[in-house]
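As stored in start.cif (mmCIF, C-alpha atoms):
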```
data_protein
loop_
_atom_site.group_PDB
_atom_site.id
_atom_site.type_symbol
_atom_site.label_atom_id
_atom_site.label_comp_id
_atom_site.auth_asym_id
_atom_site.auth_seq_id
_atom_site.Cartn_x
_atom_site.Cartn_y
_atom_site.Cartn_z
ATOM 1 C CA MET V 1 38.861 -30.396 -32.992
ATOM 2 C CA THR V 2 39.185 -30.124 -36.757
ATOM 3 C CA GLY V 3 40.513 -26.566 -36.356
ATOM 4 C CA LYS V 4 43.393 -27.880 -34.178
ATOM 5 C CA ARG V 5 44.658 -30.486 -36.621
ATOM 6 C CA PRO V 6 46.206 -27.971 -39.009
ATOM 7 C CA PHE V 7 47.937 -26.359 -36.049
ATOM 8 C CA PHE V 8 49.459 -29.657 -34.903
ATOM 9 C CA PHE V 9 50.405 -30.530 -38.475
ATOM 10 C CA ALA V 10 52.168 -27.185 -38.907
ATOM 11 C CA ALA V 11 53.960 -27.602 -35.559
ATOM 12 C CA GLY V 12 55.119 -31.089 -36.535
ATOM 13 C CA MET V 13 56.395 -29.835 -39.869
ATOM 14 C CA LEU V 14 58.256 -27.042 -38.089
ATOM 15 C CA PHE V 15 59.976 -29.565 -35.828
ATOM 16 C CA VAL V 16 60.975 -31.731 -38.777
ATOM 17 C CA LEU V 17 62.420 -28.727 -40.611
ATOM 18 C CA LEU V 18 64.218 -27.658 -37.441
ATOM 19 C CA PHE V 19 65.796 -31.098 -37.078
ATOM 20 C CA ALA V 20 66.805 -31.130 -40.704
ATOM 21 C CA ALA V 21 68.389 -27.669 -40.459
ATOM 22 C CA VAL V 22 70.261 -28.554 -37.269
ATOM 23 C CA GLY V 23 71.437 -31.858 -38.755
ATOM 24 C CA ALA V 24 72.688 -30.144 -41.900
ATOM 25 C CA ARG V 25 74.607 -27.565 -39.915
ATOM 26 C CA ALA V 26 76.146 -30.207 -37.698
ATOM 27 C CA ALA V 27 77.305 -32.131 -40.744
ATOM 28 C CA GLU V 28 78.956 -29.023 -42.168
ATOM 29 C CA GLU V 29 80.895 -28.199 -39.059
ATOM 30 C CA GLY V 30 82.008 -31.772 -38.230
ATOM 31 C CA GLY V 31 84.293 -33.026 -35.362
ATOM 32 C CA ASN V 32 83.932 -31.983 -31.767
ATOM 33 C CA GLY V 33 81.507 -29.385 -32.794
ATOM 34 C CA ALA V 34 79.363 -32.279 -33.950
ATOM 35 C CA THR V 35 79.030 -33.516 -30.402
ATOM 36 C CA GLU V 36 78.130 -30.066 -29.230
ATOM 37 C CA ARG V 37 75.681 -29.774 -32.039
ATOM 38 C CA ALA V 38 74.154 -33.139 -31.208
ATOM 39 C CA THR V 39 73.757 -32.027 -27.611
ATOM 40 C CA GLU V 40 72.206 -28.818 -28.853
ATOM 41 C CA ILE V 41 69.865 -30.801 -31.130
ATOM 42 C CA PHE V 42 68.771 -32.973 -28.245
ATOM 43 C CA LYS V 43 68.130 -29.856 -26.171
ATOM 44 C CA TRP V 44 65.976 -28.494 -28.989
ATOM 45 C CA ILE V 45 64.203 -31.834 -29.328
ATOM 46 C CA ASN V 46 63.634 -31.891 -25.591
ATOM 47 C CA PHE V 47 62.370 -28.283 -25.761
ATOM 48 C CA ALA V 48 60.101 -29.152 -28.691
ATOM 49 C CA ILE V 49 58.676 -32.163 -26.834
ATOM 50 C CA VAL V 50 58.086 -30.154 -23.657
ATOM 51 C CA ALA V 51 56.660 -27.248 -25.668
ATOM 52 C CA GLY V 52 54.451 -29.670 -27.653
ATOM 53 C CA VAL V 53 53.175 -31.310 -24.453
ATOM 54 C CA ILE V 54 52.476 -27.877 -22.930
ATOM 55 C CA VAL V 55 50.718 -26.695 -26.094
ATOM 56 C CA TRP V 56 48.740 -29.960 -26.256
ATOM 57 C CA VAL V 57 47.730 -29.705 -22.557
ATOM 58 C CA PHE V 58 46.740 -26.055 -22.899
ATOM 59 C CA GLY V 59 44.977 -26.788 -26.191
ATOM 60 C CA LYS V 60 43.071 -29.685 -24.646
ATOM 61 C CA LEU V 61 42.252 -28.438 -21.131
ATOM 62 C CA LEU V 62 42.118 -24.654 -21.252
ATOM 63 C CA PRO V 63 39.529 -23.972 -24.004
ATOM 64 C CA PRO V 64 36.609 -25.403 -21.929
ATOM 65 C CA VAL V 65 37.778 -23.352 -18.947
ATOM 66 C CA PHE V 66 38.084 -20.238 -21.098
ATOM 67 C CA ARG V 67 34.694 -21.008 -22.664
ATOM 68 C CA LYS V 68 33.073 -21.298 -19.217
ATOM 69 C CA LYS V 69 34.737 -18.064 -18.129
ATOM 70 C CA ALA V 70 33.607 -16.348 -21.339
ATOM 71 C CA GLU V 71 30.047 -17.636 -20.809
ATOM 72 C CA ALA V 72 30.113 -16.450 -17.176
ATOM 73 C CA VAL V 73 31.402 -13.031 -18.262
ATOM 74 C CA GLY V 74 28.773 -12.888 -21.044
ATOM 75 C CA LEU V 75 26.024 -13.850 -18.557
ATOM 76 C CA ALA V 76 27.291 -11.232 -16.102
ATOM 77 C CA ILE V 77 27.281 -8.636 -18.878
ATOM 78 C CA THR V 78 23.731 -9.652 -19.883
ATOM 79 C CA ASN V 79 22.551 -9.470 -16.259
ATOM 80 C CA ALA V 80 24.260 -6.120 -15.803
ATOM 81 C CA THR V 81 22.656 -4.835 -19.017
ATOM 82 C CA ASN V 82 19.212 -6.012 -17.837
ATOM 83 C CA ALA V 83 19.767 -4.513 -14.399
ATOM 84 C CA LYS V 84 20.897 -1.248 -15.980
ATOM 85 C CA ALA V 85 17.795 -1.185 -18.217
ATOM 86 C CA ALA V 86 15.544 -1.871 -15.214
ATOM 87 C CA ALA V 87 17.294 0.839 -13.195
ATOM 88 C CA GLU V 88 16.933 3.313 -16.064
ATOM 89 C CA ALA V 89 13.231 2.445 -16.361
ATOM 90 C CA GLN V 90 12.788 3.015 -12.624
ATOM 91 C CA LEU V 91 14.695 6.270 -12.904
ATOM 92 C CA ARG V 92 12.460 7.453 -15.760
ATOM 93 C CA GLU V 93 9.367 6.437 -13.786
ATOM 94 C CA ALA V 94 10.643 8.255 -10.704
ATOM 95 C CA GLU V 95 11.435 11.351 -12.767
ATOM 96 C CA THR V 96 7.963 11.229 -14.324
ATOM 97 C CA ARG V 97 6.334 10.844 -10.920
ATOM 98 C CA LEU V 98 8.460 13.654 -9.546
ATOM 99 C CA ALA V 99 7.444 15.874 -12.458
ATOM 100 C CA ASN V 100 3.786 15.026 -11.841
ATOM 101 C CA LEU V 101 4.120 15.310 -8.064
ATOM 102 C CA GLU V 102 2.977 18.931 -7.910
ATOM 103 C CA LYS V 103 -0.010 18.106 -10.089
ATOM 104 C CA GLU V 104 -0.907 15.121 -7.882
ATOM 105 C CA VAL V 105 -0.525 17.254 -4.739
ATOM 106 C CA ALA V 106 -2.790 19.924 -6.228
ATOM 107 C CA GLU V 107 -5.359 17.266 -7.183
ATOM 108 C CA LEU V 108 -5.214 15.735 -3.696
ATOM 109 C CA ARG V 109 -5.556 19.162 -2.100
ATOM 110 C CA ALA V 110 -8.585 20.008 -4.303
ATOM 111 C CA HIS V 111 -10.151 16.627 -3.553
ATOM 112 C CA SER V 112 -9.568 17.115 0.190
ATOM 113 C CA GLU V 113 -11.116 20.583 0.054
ATOM 114 C CA LYS V 114 -14.177 19.211 -1.758
ATOM 115 C CA GLU V 115 -14.536 16.441 0.812
ATOM 116 C CA ALA V 116 -14.103 18.916 3.677
ATOM 117 C CA ALA V 117 -16.750 21.245 2.175
ATOM 118 C CA ALA V 118 -19.128 18.306 1.683
ATOM 119 C CA GLU V 119 -18.525 17.134 5.257
ATOM 120 C CA MET V 120 -19.060 20.652 6.596
ATOM 121 C CA GLU V 121 -22.333 20.947 4.664
ATOM 122 C CA ARG V 122 -23.424 17.545 5.947
ATOM 123 C CA LEU V 123 -22.610 18.588 9.521
ATOM 124 C CA ARG V 124 -24.412 21.915 9.038
ATOM 125 C CA THR V 125 -27.496 20.086 7.715
ATOM 126 C CA ALA V 126 -27.349 17.541 10.532
ATOM 127 C CA THR V 127 -26.957 20.311 13.126
ATOM 128 C CA GLN V 128 -29.852 22.256 11.657
ATOM 129 C CA SER V 129 -32.008 19.112 11.586
ATOM 130 C CA ASP V 130 -31.070 18.316 15.195
ATOM 131 C CA ALA V 131 -31.824 21.915 16.238
ATOM 132 C CA GLU V 132 -35.243 21.709 14.564
ATOM 133 C CA LYS V 133 -35.940 18.392 16.305
ATOM 134 C CA ILE V 134 -34.882 19.845 19.658
ATOM 135 C CA ALA V 135 -37.023 22.961 19.082
ATOM 136 C CA ALA V 136 -40.036 20.799 18.140
ATOM 137 C CA ALA V 137 -39.513 18.586 21.183
ATOM 138 C CA ALA V 138 -39.144 21.639 23.448
ATOM 139 C CA LYS V 139 -42.294 23.203 21.963
ATOM 140 C CA ALA V 140 -44.240 19.979 22.507
ATOM 141 C CA GLU V 141 -42.967 19.757 26.067
ATOM 142 C CA ILE V 142 -43.878 23.401 26.733
ATOM 143 C CA GLU V 143 -47.379 22.833 25.335
ATOM 144 C CA ALA V 144 -47.827 19.706 27.458
ATOM 145 C CA THR V 145 -46.608 21.554 30.545
ATOM 146 C CA GLU V 146 -48.941 24.457 29.729
ATOM 147 C CA ARG V 147 -51.955 22.091 29.393
ATOM 148 C CA ALA V 148 -51.062 20.396 32.664
ATOM 149 C CA ALA V 149 -50.716 23.782 34.364
ATOM 150 C CA ARG V 150 -54.119 24.932 32.995
ATOM 151 C CA LEU V 151 -55.807 21.733 34.189
ATOM 152 C CA GLU V 152 -54.178 22.137 37.569
ATOM 153 C CA LEU V 153 -55.223 25.785 37.629
ATOM 154 C CA LYS V 154 -58.838 24.843 36.729
ATOM 155 C CA ALA V 155 -58.875 22.210 39.453
ATOM 156 C CA LEU V 156 -57.515 24.710 41.942
ATOM 157 C CA ALA V 157 -60.078 27.321 40.845
ATOM 158 C CA ALA V 158 -62.898 24.761 41.180
ATOM 159 C CA ASN V 159 -61.707 23.793 44.639
ATOM 160 C CA LEU V 160 -61.490 27.443 45.637
ATOM 161 C CA ALA V 161 -64.986 28.089 44.222
ATOM 162 C CA VAL V 162 -66.386 25.108 46.104
ATOM 163 C CA ASP V 163 -64.674 26.200 49.285
ATOM 164 C CA GLY V 164 -65.896 29.793 48.796
ATOM 165 C CA ALA V 165 -69.446 28.626 48.121
ATOM 166 C CA GLU V 166 -69.325 26.344 51.099
ATOM 167 C CA SER V 167 -68.155 29.096 53.402
ATOM 168 C CA LEU V 168 -70.754 31.471 51.937
ATOM 169 C CA LEU V 169 -73.463 28.870 52.406
ATOM 170 C CA ALA V 170 -72.307 28.191 55.901
ATOM 171 C CA LYS V 171 -72.671 31.910 56.687
ATOM 172 C CA GLN V 172 -76.035 32.320 54.999
ATOM 173 C CA LEU V 173 -77.551 29.032 56.017
ATOM 174 C CA ASN V 174 -79.031 29.185 59.444
ATOM 175 C CA PRO V 175 -81.442 26.658 60.986
ATOM 176 C CA LYS V 176 -84.517 28.555 59.849
ATOM 177 C CA THR V 177 -83.326 28.717 56.223
ATOM 178 C CA GLN V 178 -82.455 25.060 56.280
ATOM 179 C CA GLU V 179 -85.959 24.165 57.458
ATOM 180 C CA SER V 180 -87.559 26.205 54.747
ATOM 181 C CA LEU V 181 -85.360 24.564 52.042
ATOM 182 C CA ILE V 182 -86.191 21.103 53.226
ATOM 183 C CA SER V 183 -89.953 21.824 53.325
ATOM 184 C CA ASN V 184 -89.782 23.270 49.776
ATOM 185 C CA PHE V 185 -87.982 20.185 48.604
ATOM 186 C CA VAL V 186 -90.522 17.877 50.163
ATOM 187 C CA LYS V 187 -93.409 19.828 48.609
ATOM 188 C CA SER V 188 -91.815 19.549 45.185
ATOM 189 C CA LEU V 189 -91.571 15.810 45.626
ATOM 190 C CA GLU V 190 -95.221 15.473 46.601
ATOM 191 C CA GLY V 191 -96.430 17.083 43.428
ATOM 192 C CA ARG V 192 -94.542 14.652 41.221
ATOM 193 C CA PRO V 193 -95.881 11.346 40.180
ATOM 194 C CA ASN V 194 -93.708 8.346 40.910
#
```
Starting from the file, give its structure as structure tokens.
Amino acid sequence: MTGKRPFFFAAGMLFVLLFAAVGARAAEEGGNGATERATEIFKWINFAIVAGVIVWVFGKLLPPVFRKKAEAVGLAITNATNAKAAAEAQLREAETRLANLEKEVAELRAHSEKEAAAEMERLRTATQSDAEKIAAAAKAEIEATERAARLELKALAANLAVDGAESLLAKQLNPKTQESLISNFVKSLEGRPN
């Protein structure tokens, strides 16, 4: 407000000097011209009052509005500057990532190849281990089947031998031979002590 006082003081002084100049000129010319001059003075006074009121209203009401607008524009400029800086940072980051993209792709490809080789080796080892287990199980099963077949073969051979001996005995054993065997058996029992 203290900056406006000199302005109003200077405006007031200007009006006073204007009135004095107009009054002096009217006095010089005199007569009917004086009436015209008085009318002209009142027009200038009226203009000065209206202009003073307009200047006072604009001086009183518009600075806060202009200040708010200036603050809003300043805030918008600050926000735009921050947004521009953030966008430039993102652009630099994107350019850096794009520059390193081939390197990252090569690293990912090498890592994938290592993992694939490791997985293939693991599968090869697992397959070999499973094949060995299957071979061992098959060998054990073959050996068990072989033992069972041998036992069955021995039983069959024993049955055939018994049947062959029985048929041979049946052919060779007649009633006379049977009697002689029984009498020999009885004699051997008599000679033994109980």
Region 113-126 of chain V: axis-aligned bounding box, 4 Å on each side, centre and edge lengths in Å, one decimal, as JSON:
```
{"center_x": -19.3, "center_y": 19.2, "center_z": 4.4, "size_x": 24.4, "size_y": 13.5, "size_z": 20.3}
```
Exercise for the section: Report the distance between CA of Arg150 (chain V) and CA of Ser167 (chain V) in Å, rounded to one decimal place. Expected result: 25.1 Å
Fill in the blank from the handout: Min atom-atom distance to Phe47 (chain V) from the set V:Ala94, V:Leu18, V:Ala144, V:Ala99, counting all atoms listed in the file, belongs to V:Leu18
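Here CA of Ala70 (chain V) stands at a distance of 16.4 Å from CA of Phe58 (chain V).
Across the model, the gap from CA of Gly12 (chain V) to CA of Ile45 (chain V) is 11.6 Å.
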Problem - For Val53 (chain V), the nearest of the candidates V:Phe8, V:Leu168, V:Lys139, V:Leu123, counting all atoms listed in the file - result: V:Phe8
Exercise for the section: Give as JSON, numbers by chain the residues that the PyMOL selection byres ((chain V and resi 11) around 12) matches when applied to the coordinates above. Expected result: {"V": [4, 5, 6, 7, 8, 9, 10, 12, 13, 14, 15, 16, 17, 18, 48, 49, 51, 52, 53, 55, 56]}
